[in-house]
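S.K.: Here it is: the structure, laid out below.
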Protein chains: 2
Amino acid sequence: MDRYRVQPGTRVNLKDWDPDDKANFEKGKSKGLKAVLKLSERLELLQELLFAQGKHKILIVLQAMDTGGKDGVIRRVFDGVNPQGVKVASFKVPTPEDLAHDYLWRIHKQTPGKGEIVIFNRSHYEDVLVVRVQNLAPPDIWEKRFDHINAFERLLADEGTTILKFYLHISADEQKARLQARLDEPDKRWKFNPGDLKDRALWGDYMHAYEDVLSKTSMPWAPWYIVPANRKWYRDLVIGTVLVETLEKLKMRYPEPAEDLDKIVIE
Amino acid sequence: MDRYRVQPGTRVNLKDWDPDDKANFEKGKSKGLKAVLKLSERLELLQELLFAQGKHKILIVLQAMDTGGKDGVIRRVFDGVNPQGVKVASFKVPTPEDLAHDYLWRIHKQTPGKGEIVIFNRSHYEDVLVVRVQNLAPPDIWEKRFDHINAFERLLADEGTTILKFYLHISADEQKARLQARLDEPDKRWKFNPGDLKDRALWGDYMHAYEDVLSKTSMPWAPWYIVPANRKWYRDLVIGTVLVETLEKLKMRYPEPAEDLDKIVIE
């Protein structure tokens, strides 16, 4: 899946990244869905091991335009994983207490402890995305944040956190179709938020802001993946594969028991 | 008080800093104590203004060897300040939850919000002091922390926090006298902790570790002051003066009322 990883120091132009791409799995959707299911099962075992060992901390950042599929990834890829070791932190509009502090204050609190996987559904990157595009802070404020964010993630990595960041890349046309579906299907209507149209009207500005994020903050210790996300099954396949491969590289083991259990007699 | 401020990029040798120094106030102890009282009253007013304006965030870091006077500074300099706008965060031995995260996790949570003064009684600097001297982590772990800490404080400063850091500098002889007093005086005995003797035996190592801290982490946006602290009144005078001068430079004002209050009639 290295083709989707943004190499540090390269300039990303999102027009060069095809949201319909499915180059790593040419066997089609139905076999793709089965592959996702297998990945999800494998992930379940790896997460159990991670929790039992209590050594590694895993941070997964999901960013996307509205309807990009963040909720879908969480539902499908993490299907079956024990909620005790996986937390989802959703970052919505900051509270007054959040706003009284620096923008990483609420983020840092939610970072994973040992043995935990934390999924950020949106993240500190909103502070250089929506904040920038909607002029919620002036450039001299948000421009400094790329450095802060790189330093913050470096801290987490140095202190033992494995970080994976996924940008779910959909096309403007695909977003249109998904928004329309939310309007048309009664049981999807609750997800439709008229505010999403305001962001949609700023699509080009958002793409530009994302290009800056992807270009400036993909680091060896905290890489960005640009995930082709027009096809949901392929999106899940890419993310599931990266996750499973990353966790397998940690070479985790169940911890040794405290004493020689063979000598224990339960009477 | 600039003479006590560590200039960024200079190498600190603590033998060159006299803990008995009182160069900025030659009128003696009794007038010195009165001056501290005045500073403390001035601080009370400034803190009220800070709270009312709800704009600035003030972080004060206190570090010292045992008996150095951190508690005394908090008691005397902040005497009379409204506790609603001033919080003391004491960082003792980390909890298991703290240790499951990076070392700045518990620190970041306690940073000041708008309108607040937070005093760190010990701080993240312990993670390059006691951790280093007592070998609680290997060098390849703690050596990276100077960069983390500088980046962290830079984030806080960029996002609107005023940071002041005070190292209360006492001599080994003065510490001996203060520890002996704790043993001798019945109502001070509760403060005596045999563990302090273990740190005292490592005095030279601690001085060396402090020299590194002071040399590497004094920044224009987060300066260290080396406070001569053998004389308690002079220590309080230095800190009180720096605080009052720093707060006065913020040119704070009471916020404008929401409407024209002259037109309001209370019936």
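Chain labels A, B, ... are given in the sequence in which chains occur in the structure tokens; within each chain residues are numbered consecutively from 1, and ligands are likewise numbered from 1 in the order shown.
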When DSSP is applied to the backbone of this structure, which of range 62-150 of chain B are assigned helix (DSSP H, G or I)? Write them out as a PDB file with N, CA and C atoms, in the first residue's frame.
M.R.:
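Dumped everything to part_1.pdb:
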```pdb
ATOM      1  N   LYS B  70       9.299  26.420  47.002  1.00  0.00           N
ATOM      2  CA  LYS B  70       8.170  26.504  46.067  1.00  0.00           C
ATOM      3  C   LYS B  70       6.864  26.792  46.816  1.00  0.00           C
ATOM      4  N   ASP B  71       6.633  26.044  47.894  1.00  0.00           N
ATOM      5  CA  ASP B  71       5.395  26.260  48.669  1.00  0.00           C
ATOM      6  C   ASP B  71       5.369  27.661  49.272  1.00  0.00           C
ATOM      7  N   GLY B  72       6.511  28.118  49.725  1.00  0.00           N
ATOM      8  CA  GLY B  72       6.595  29.443  50.326  1.00  0.00           C
ATOM      9  C   GLY B  72       6.261  30.550  49.333  1.00  0.00           C
ATOM     10  N   VAL B  73       6.761  30.426  48.127  1.00  0.00           N
ATOM     11  CA  VAL B  73       6.457  31.418  47.083  1.00  0.00           C
ATOM     12  C   VAL B  73       4.953  31.467  46.839  1.00  0.00           C
ATOM     13  N   ILE B  74       4.349  30.306  46.701  1.00  0.00           N
ATOM     14  CA  ILE B  74       2.911  30.254  46.414  1.00  0.00           C
ATOM     15  C   ILE B  74       2.131  30.901  47.556  1.00  0.00           C
ATOM     16  N   ARG B  75       2.525  30.608  48.793  1.00  0.00           N
ATOM     17  CA  ARG B  75       1.823  31.139  49.954  1.00  0.00           C
ATOM     18  C   ARG B  75       2.001  32.646  50.049  1.00  0.00           C
ATOM     19  N   ARG B  76       3.224  33.143  49.886  1.00  0.00           N
ATOM     20  CA  ARG B  76       3.477  34.557  50.172  1.00  0.00           C
ATOM     21  C   ARG B  76       3.215  35.477  48.994  1.00  0.00           C
ATOM     22  N   VAL B  77       3.643  35.068  47.810  1.00  0.00           N
ATOM     23  CA  VAL B  77       3.458  35.974  46.668  1.00  0.00           C
ATOM     24  C   VAL B  77       1.992  36.000  46.231  1.00  0.00           C
ATOM     25  N   PRO B  96      -0.450   5.504  37.297  1.00  0.00           N
ATOM     26  CA  PRO B  96      -0.367   4.537  36.187  1.00  0.00           C
ATOM     27  C   PRO B  96      -0.979   5.082  34.891  1.00  0.00           C
ATOM     28  N   GLU B  97      -2.085   5.836  35.007  1.00  0.00           N
ATOM     29  CA  GLU B  97      -2.698   6.400  33.794  1.00  0.00           C
ATOM     30  C   GLU B  97      -1.770   7.437  33.144  1.00  0.00           C
ATOM     31  N   ASP B  98      -1.129   8.248  33.979  1.00  0.00           N
ATOM     32  CA  ASP B  98      -0.147   9.204  33.439  1.00  0.00           C
ATOM     33  C   ASP B  98       0.956   8.458  32.690  1.00  0.00           C
ATOM     34  N   LEU B  99       1.462   7.418  33.322  1.00  0.00           N
ATOM     35  CA  LEU B  99       2.599   6.686  32.745  1.00  0.00           C
ATOM     36  C   LEU B  99       2.224   5.926  31.484  1.00  0.00           C
ATOM     37  N   TRP B 105       1.332  14.612  28.607  1.00  0.00           N
ATOM     38  CA  TRP B 105      -0.120  14.411  28.608  1.00  0.00           C
ATOM     39  C   TRP B 105      -0.762  14.988  29.862  1.00  0.00           C
ATOM     40  N   ARG B 106      -0.216  14.642  31.031  1.00  0.00           N
ATOM     41  CA  ARG B 106      -0.816  15.159  32.273  1.00  0.00           C
ATOM     42  C   ARG B 106      -0.543  16.659  32.451  1.00  0.00           C
ATOM     43  N   ILE B 107       0.530  17.118  31.834  1.00  0.00           N
ATOM     44  CA  ILE B 107       0.917  18.530  31.939  1.00  0.00           C
ATOM     45  C   ILE B 107      -0.035  19.402  31.110  1.00  0.00           C
ATOM     46  N   HIS B 108      -0.240  18.986  29.869  1.00  0.00           N
ATOM     47  CA  HIS B 108      -1.060  19.784  28.938  1.00  0.00           C
ATOM     48  C   HIS B 108      -2.461  20.014  29.500  1.00  0.00           C
ATOM     49  N   LYS B 109      -3.020  18.971  30.112  1.00  0.00           N
ATOM     50  CA  LYS B 109      -4.361  19.074  30.701  1.00  0.00           C
ATOM     51  C   LYS B 109      -4.475  20.207  31.708  1.00  0.00           C
ATOM     52  N   HIS B 124       6.802  19.518  33.981  1.00  0.00           N
ATOM     53  CA  HIS B 124       7.379  18.629  32.972  1.00  0.00           C
ATOM     54  C   HIS B 124       8.908  18.601  33.035  1.00  0.00           C
ATOM     55  N   TYR B 125       9.508  19.582  33.697  1.00  0.00           N
ATOM     56  CA  TYR B 125      10.971  19.566  33.787  1.00  0.00           C
ATOM     57  C   TYR B 125      11.476  18.411  34.649  1.00  0.00           C
ATOM     58  N   GLU B 126      10.629  17.889  35.518  1.00  0.00           N
ATOM     59  CA  GLU B 126      11.042  16.705  36.274  1.00  0.00           C
ATOM     60  C   GLU B 126      11.381  15.537  35.333  1.00  0.00           C
ATOM     61  N   ASP B 127      10.810  15.560  34.150  1.00  0.00           N
ATOM     62  CA  ASP B 127      11.053  14.461  33.204  1.00  0.00           C
ATOM     63  C   ASP B 127      12.427  14.531  32.538  1.00  0.00           C
ATOM     64  N   VAL B 128      13.144  15.636  32.791  1.00  0.00           N
ATOM     65  CA  VAL B 128      14.565  15.695  32.398  1.00  0.00           C
ATOM     66  C   VAL B 128      15.436  15.980  33.627  1.00  0.00           C
ATOM     67  N   VAL B 130      14.617  14.577  37.632  1.00  0.00           N
ATOM     68  CA  VAL B 130      14.625  13.354  38.449  1.00  0.00           C
ATOM     69  C   VAL B 130      14.729  12.107  37.564  1.00  0.00           C
ATOM     70  N   VAL B 131      14.059  12.143  36.433  1.00  0.00           N
ATOM     71  CA  VAL B 131      14.083  10.988  35.522  1.00  0.00           C
ATOM     72  C   VAL B 131      15.505  10.716  35.035  1.00  0.00           C
ATOM     73  N   ARG B 132      16.236  11.786  34.784  1.00  0.00           N
ATOM     74  CA  ARG B 132      17.619  11.652  34.335  1.00  0.00           C
ATOM     75  C   ARG B 132      18.545  11.232  35.476  1.00  0.00           C
ATOM     76  N   VAL B 133      18.463  11.955  36.590  1.00  0.00           N
ATOM     77  CA  VAL B 133      19.410  11.742  37.684  1.00  0.00           C
ATOM     78  C   VAL B 133      19.204  10.366  38.327  1.00  0.00           C
ATOM     79  N   PRO B 139      19.080   7.607  28.452  1.00  0.00           N
ATOM     80  CA  PRO B 139      19.394   8.890  27.783  1.00  0.00           C
ATOM     81  C   PRO B 139      18.708   9.067  26.434  1.00  0.00           C
ATOM     82  N   ASP B 140      18.609   8.016  25.623  1.00  0.00           N
ATOM     83  CA  ASP B 140      18.007   8.214  24.301  1.00  0.00           C
ATOM     84  C   ASP B 140      16.533   8.599  24.408  1.00  0.00           C
ATOM     85  N   ILE B 141      15.917   8.358  25.548  1.00  0.00           N
ATOM     86  CA  ILE B 141      14.549   8.830  25.781  1.00  0.00           C
ATOM     87  C   ILE B 141      14.550  10.279  26.266  1.00  0.00           C
ATOM     88  N   TRP B 142      15.269  10.577  27.356  1.00  0.00           N
ATOM     89  CA  TRP B 142      15.137  11.928  27.937  1.00  0.00           C
ATOM     90  C   TRP B 142      15.867  12.989  27.127  1.00  0.00           C
ATOM     91  N   ARG B 145      13.733  15.058  24.938  1.00  0.00           N
ATOM     92  CA  ARG B 145      12.670  15.817  25.598  1.00  0.00           C
ATOM     93  C   ARG B 145      12.906  17.323  25.611  1.00  0.00           C
ATOM     94  N   PHE B 146      14.151  17.747  25.523  1.00  0.00           N
ATOM     95  CA  PHE B 146      14.386  19.196  25.465  1.00  0.00           C
ATOM     96  C   PHE B 146      13.694  19.786  24.224  1.00  0.00           C
ATOM     97  N   ASP B 147      13.797  19.088  23.111  1.00  0.00           N
ATOM     98  CA  ASP B 147      13.110  19.548  21.890  1.00  0.00           C
ATOM     99  C   ASP B 147      11.588  19.515  22.058  1.00  0.00           C
ATOM    100  N   HIS B 148      11.097  18.418  22.627  1.00  0.00           N
ATOM    101  CA  HIS B 148       9.641  18.336  22.844  1.00  0.00           C
ATOM    102  C   HIS B 148       9.163  19.515  23.680  1.00  0.00           C
ATOM    103  N   ILE B 149       9.886  19.756  24.761  1.00  0.00           N
ATOM    104  CA  ILE B 149       9.461  20.778  25.717  1.00  0.00           C
ATOM    105  C   ILE B 149       9.503  22.160  25.070  1.00  0.00           C
ATOM    106  N   ASN B 150      10.561  22.428  24.334  1.00  0.00           N
ATOM    107  CA  ASN B 150      10.618  23.728  23.649  1.00  0.00           C
ATOM    108  C   ASN B 150       9.470  23.884  22.652  1.00  0.00           C
TER     109      ASN B 150
END
```
S.K.: Got a sec: who's within 12 Å of Thr161 in chain A, counting only C-alpha atoms, leaving out chain neighbours fewer than 4 positions off, as a list in words?
M.R.: Lys55, His56, Lys57, Ile58, Leu59, Ile60, Thr111, Pro112, Gly113, Lys114, Gly115, Glu116, Ile117, Val118, Phe152, Glu153, Arg154, Leu155, Leu156, Ala157, Trp221, Ala222, Leu247 and Leu250 of chain A; Ala100, His101 and Asp102 of chain B
S.K.: Would you compute the distance between CA of Thr241 in chain B and CA of Tyr4 in chain B? Give it in Å to one decimal.
M.R.: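 Here the two named atoms are 11.7 Å from each other.
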S.K.: Output the coordinates of chain B after least-squares fitting to chain A on all in-order C-alpha pairs, as a short mmCIF file (atom, residue, chain, number, x, y, z; two decimals) with C-alpha atoms, in the first residue's frame.
M.R.:
```
data_model
loop_
_atom_site.label_atom_id
_atom_site.label_comp_id
_atom_site.auth_asym_id
_atom_site.auth_seq_id
_atom_site.Cartn_x
_atom_site.Cartn_y
_atom_site.Cartn_z
CA MET B 1 0.02 0.01 0.00
CA ASP B 2 3.08 2.25 -0.21
CA ARG B 3 1.68 3.85 -3.37
CA TYR B 4 -0.87 5.67 -1.22
CA ARG B 5 1.62 6.87 1.34
CA VAL B 6 2.73 10.49 0.99
CA GLN B 7 6.52 10.64 0.90
CA PRO B 8 7.86 13.36 3.23
CA GLY B 9 8.98 16.45 1.37
CA THR B 10 6.86 15.88 -1.73
CA ARG B 11 4.25 18.36 -2.90
CA VAL B 12 0.82 16.79 -3.18
CA ASN B 13 -1.51 17.77 -6.02
CA LEU B 14 -4.81 16.00 -5.41
CA LYS B 15 -5.68 16.08 -9.13
CA ASP B 16 -2.94 13.47 -9.57
CA TRP B 17 -4.65 11.12 -7.09
CA ASP B 18 -7.55 9.17 -8.57
CA PRO B 19 -10.42 8.66 -6.07
CA ASP B 20 -11.66 5.77 -8.25
CA ASP B 21 -8.34 3.95 -8.19
CA LYS B 22 -8.39 0.26 -7.22
CA ALA B 23 -4.99 -0.79 -8.52
CA ASN B 24 -4.14 -3.03 -5.57
CA PHE B 25 -7.16 -5.29 -5.90
CA GLU B 26 -8.40 -6.12 -9.36
CA LYS B 27 -10.68 -9.03 -8.41
CA GLY B 28 -13.75 -6.84 -8.04
CA LYS B 29 -16.14 -5.73 -5.32
CA SER B 30 -17.53 -9.00 -4.03
CA LYS B 31 -14.11 -10.54 -3.45
CA GLY B 32 -12.98 -7.19 -2.12
CA LEU B 33 -15.69 -7.24 0.52
CA LYS B 34 -14.59 -10.71 1.60
CA ALA B 35 -11.01 -9.50 1.87
CA VAL B 36 -12.16 -6.63 4.11
CA LEU B 37 -13.95 -9.11 6.34
CA LYS B 38 -10.77 -11.17 6.70
CA LEU B 39 -8.75 -8.06 7.51
CA SER B 40 -11.30 -7.08 10.11
CA GLU B 41 -11.01 -10.51 11.75
CA ARG B 42 -7.23 -10.32 11.72
CA LEU B 43 -7.44 -6.86 13.27
CA GLU B 44 -9.60 -8.24 16.06
CA LEU B 45 -6.85 -10.67 17.05
CA LEU B 46 -4.12 -8.08 16.77
CA GLN B 47 -6.04 -5.65 18.94
CA GLU B 48 -6.50 -8.32 21.60
CA LEU B 49 -2.77 -8.90 21.58
CA LEU B 50 -2.08 -5.17 21.76
CA PHE B 51 -4.36 -4.84 24.76
CA ALA B 52 -2.89 -7.88 26.53
CA GLN B 53 0.66 -6.72 26.01
CA GLY B 54 -0.14 -3.18 27.17
CA LYS B 55 2.96 -1.74 25.56
CA HIS B 56 2.09 -0.01 22.30
CA LYS B 57 -0.16 2.99 21.68
CA ILE B 58 -1.90 3.32 18.32
CA LEU B 59 -3.32 6.57 16.98
CA ILE B 60 -5.38 6.56 13.80
CA VAL B 61 -6.38 9.88 12.28
CA LEU B 62 -9.31 9.98 9.83
CA GLN B 63 -9.90 13.09 7.77
CA ALA B 64 -12.25 13.58 4.84
CA MET B 65 -14.75 15.92 3.27
CA ASP B 66 -18.37 15.35 4.35
CA THR B 67 -19.70 11.95 3.21
CA GLY B 68 -16.08 10.86 2.70
CA GLY B 69 -16.71 7.73 4.76
CA LYS B 70 -15.09 8.23 8.17
CA ASP B 71 -18.04 6.65 9.98
CA GLY B 72 -18.13 3.81 7.47
CA VAL B 73 -14.46 2.97 8.01
CA ILE B 74 -14.93 2.86 11.77
CA ARG B 75 -18.01 0.64 11.44
CA ARG B 76 -16.62 -1.81 8.88
CA VAL B 77 -12.90 -2.04 9.55
CA PHE B 78 -13.26 -2.10 13.33
CA ASP B 79 -16.30 -4.34 13.25
CA GLY B 80 -15.90 -6.91 16.00
CA VAL B 81 -12.98 -5.28 17.79
CA ASN B 82 -13.33 -5.17 21.57
CA PRO B 83 -14.50 -1.68 22.52
CA GLN B 84 -12.50 -1.85 25.75
CA GLY B 85 -9.26 -1.34 23.86
CA VAL B 86 -10.50 0.92 21.09
CA LYS B 87 -11.80 4.43 21.60
CA VAL B 88 -13.23 6.76 19.00
CA ALA B 89 -12.63 10.45 19.68
CA SER B 90 -14.90 12.64 17.56
CA PHE B 91 -13.85 16.24 17.39
CA LYS B 92 -16.80 18.47 16.65
CA VAL B 93 -17.15 22.21 17.17
CA PRO B 94 -14.92 23.12 20.14
CA THR B 95 -16.58 23.90 23.47
CA PRO B 96 -15.96 27.24 25.22
CA GLU B 97 -13.51 25.43 27.53
CA ASP B 98 -11.67 24.02 24.51
CA LEU B 99 -11.49 27.47 22.94
CA ALA B 100 -10.08 28.94 26.15
CA HIS B 101 -7.00 26.76 25.60
CA ASP B 102 -4.66 26.09 22.70
CA TYR B 103 -6.17 23.93 19.95
CA LEU B 104 -4.09 20.85 20.83
CA TRP B 105 -5.30 20.86 24.44
CA ARG B 106 -8.48 18.87 23.75
CA ILE B 107 -6.58 16.65 21.31
CA HIS B 108 -3.74 15.68 23.65
CA LYS B 109 -6.21 14.55 26.32
CA GLN B 110 -7.63 11.96 23.92
CA THR B 111 -4.36 10.39 22.76
CA PRO B 112 -3.98 6.64 23.35
CA GLY B 113 -2.45 5.12 26.45
CA LYS B 114 -0.48 1.87 26.42
CA GLY B 115 -2.46 -1.00 24.94
CA GLU B 116 -5.02 1.34 23.38
CA ILE B 117 -6.11 2.14 19.85
CA VAL B 118 -7.66 5.58 19.50
CA ILE B 119 -9.38 6.63 16.29
CA PHE B 120 -9.66 10.36 15.70
CA ASN B 121 -12.85 11.06 13.74
CA ARG B 122 -11.69 14.47 12.54
CA SER B 123 -8.75 15.83 14.46
CA HIS B 124 -6.32 18.68 15.09
CA TYR B 125 -6.05 18.97 11.31
CA GLU B 126 -9.38 20.79 11.32
CA ASP B 127 -7.44 23.66 12.88
CA VAL B 128 -5.61 24.13 9.58
CA LEU B 129 -8.56 23.07 7.38
CA VAL B 130 -11.97 24.45 8.37
CA VAL B 131 -10.31 27.18 10.43
CA ARG B 132 -8.34 28.27 7.38
CA VAL B 133 -11.03 27.88 4.72
CA GLN B 134 -13.75 29.54 6.76
CA ASN B 135 -11.42 32.25 8.08
CA LEU B 136 -11.97 31.36 11.73
CA ALA B 137 -8.41 32.51 12.48
CA PRO B 138 -6.03 34.77 10.56
CA PRO B 139 -3.12 33.27 8.53
CA ASP B 140 -0.46 34.36 11.04
CA ILE B 141 -2.20 32.09 13.56
CA TRP B 142 -2.88 28.96 11.48
CA GLU B 143 0.35 29.07 9.46
CA LYS B 144 2.36 28.34 12.62
CA ARG B 145 0.27 25.29 13.31
CA PHE B 146 1.98 23.00 10.82
CA ASP B 147 5.13 23.26 12.95
CA HIS B 148 3.18 22.75 16.17
CA ILE B 149 1.46 19.69 14.76
CA ASN B 150 4.66 18.13 13.48
CA ALA B 151 6.32 18.70 16.86
CA PHE B 152 3.30 17.32 18.71
CA GLU B 153 3.19 14.14 16.64
CA ARG B 154 6.95 13.82 17.01
CA LEU B 155 6.53 13.92 20.80
CA LEU B 156 3.86 11.23 20.65
CA ALA B 157 6.01 9.05 18.39
CA ASP B 158 9.19 9.53 20.45
CA GLU B 159 7.25 8.50 23.52
CA GLY B 160 5.96 5.30 21.96
CA THR B 161 2.88 6.05 19.84
CA THR B 162 2.41 4.55 16.38
CA ILE B 163 0.59 7.09 14.23
CA LEU B 164 -1.31 6.45 10.98
CA LYS B 165 -3.19 9.19 9.16
CA PHE B 166 -5.75 8.57 6.43
CA TYR B 167 -7.24 11.13 4.10
CA LEU B 168 -10.32 9.58 2.49
CA HIS B 169 -10.26 10.99 -1.00
CA ILE B 170 -13.59 11.27 -2.80
CA SER B 171 -14.49 13.31 -5.88
CA ALA B 172 -16.89 16.25 -5.84
CA ASP B 173 -19.28 14.22 -8.03
CA GLU B 174 -19.24 11.32 -5.59
CA GLN B 175 -20.02 13.70 -2.75
CA LYS B 176 -22.95 15.06 -4.74
CA ALA B 177 -24.36 11.56 -5.20
CA ARG B 178 -23.94 10.73 -1.51
CA LEU B 179 -25.55 13.96 -0.34
CA GLN B 180 -28.44 13.37 -2.75
CA ALA B 181 -28.84 9.85 -1.33
CA ARG B 182 -29.12 11.33 2.15
CA LEU B 183 -31.94 13.55 0.93
CA ASP B 184 -33.71 10.79 -0.98
CA GLU B 185 -33.57 7.89 1.47
CA PRO B 186 -35.76 8.40 4.58
CA ASP B 187 -33.41 6.51 6.92
CA LYS B 188 -30.40 8.54 5.79
CA ARG B 189 -32.05 11.93 6.13
CA TRP B 190 -30.89 12.37 9.71
CA LYS B 191 -27.34 12.54 8.40
CA PHE B 192 -28.10 15.45 6.10
CA ASN B 193 -26.84 18.73 7.46
CA PRO B 194 -27.53 21.86 5.41
CA GLY B 195 -24.19 23.19 6.69
CA ASP B 196 -22.45 20.57 4.56
CA LEU B 197 -23.51 22.50 1.46
CA LYS B 198 -21.59 25.52 2.70
CA ASP B 199 -18.42 23.42 2.85
CA ARG B 200 -19.22 21.86 -0.52
CA ALA B 201 -19.35 25.32 -2.10
CA LEU B 202 -15.77 25.79 -0.87
CA TRP B 203 -14.57 22.46 -2.34
CA GLY B 204 -11.63 24.00 -4.22
CA ASP B 205 -10.43 25.86 -1.12
CA TYR B 206 -10.65 22.68 0.93
CA MET B 207 -8.66 20.70 -1.66
CA HIS B 208 -5.99 23.38 -1.55
CA ALA B 209 -5.91 23.30 2.25
CA TYR B 210 -5.73 19.49 2.23
CA GLU B 211 -2.85 19.62 -0.24
CA ASP B 212 -0.94 21.79 2.22
CA VAL B 213 -1.69 19.43 5.09
CA LEU B 214 -0.65 16.36 3.14
CA SER B 215 2.51 18.03 1.80
CA LYS B 216 3.67 19.51 5.11
CA THR B 217 2.77 16.95 7.74
CA SER B 218 3.51 13.50 6.30
CA MET B 219 6.47 12.27 8.32
CA PRO B 220 8.21 8.90 8.61
CA TRP B 221 6.83 8.64 12.16
CA ALA B 222 3.36 9.91 11.23
CA PRO B 223 2.62 9.24 7.55
CA TRP B 224 -0.42 10.34 5.60
CA TYR B 225 -2.15 7.89 3.28
CA ILE B 226 -4.34 9.28 0.50
CA VAL B 227 -7.02 6.61 0.28
CA PRO B 228 -9.07 6.32 -2.93
CA ALA B 229 -12.51 6.44 -1.37
CA ASN B 230 -15.12 6.62 -4.13
CA ARG B 231 -15.48 2.85 -3.73
CA LYS B 232 -16.25 2.05 -0.11
CA TRP B 233 -14.99 -1.53 -0.21
CA TYR B 234 -11.66 -0.44 -1.69
CA ARG B 235 -11.28 2.34 0.86
CA ASP B 236 -11.82 -0.18 3.66
CA LEU B 237 -9.43 -2.63 2.04
CA VAL B 238 -6.63 -0.07 1.87
CA ILE B 239 -7.05 1.09 5.45
CA GLY B 240 -7.49 -2.41 6.83
CA THR B 241 -4.37 -3.62 5.05
CA VAL B 242 -2.21 -0.71 6.26
CA LEU B 243 -3.45 -1.23 9.81
CA VAL B 244 -2.88 -4.98 9.86
CA GLU B 245 0.56 -4.67 8.28
CA THR B 246 1.57 -1.93 10.71
CA LEU B 247 0.41 -3.89 13.76
CA GLU B 248 2.14 -7.04 12.51
CA LYS B 249 5.42 -5.16 12.20
CA LEU B 250 5.27 -4.42 15.96
CA LYS B 251 5.99 -8.13 16.56
CA MET B 252 3.77 -8.19 19.62
CA ARG B 253 3.61 -11.11 22.01
CA TYR B 254 1.35 -12.10 24.82
CA PRO B 255 3.10 -11.19 28.07
CA GLU B 256 4.80 -13.91 30.10
CA PRO B 257 2.76 -15.03 33.10
CA ALA B 258 3.95 -13.83 36.47
CA GLU B 259 4.96 -17.27 37.74
CA ASP B 260 5.36 -20.80 36.58
CA LEU B 261 1.71 -21.64 35.94
CA ASP B 262 2.44 -25.36 35.56
CA LYS B 263 2.98 -25.56 39.29
CA ILE B 264 -0.36 -23.99 40.14
CA VAL B 265 -3.05 -26.35 41.34
CA ILE B 266 -6.60 -25.11 41.48
CA GLU B 267 -8.38 -27.03 44.19
#
```
S.K.: Would you mind writing down, as a ChimeraX atom specification, each residue of range 32-251 of chain A that DSSP on the backbone assigns to strand (DSSP E)?
M.R.: /A:57-64,86-90,117-121,161-169,224-228
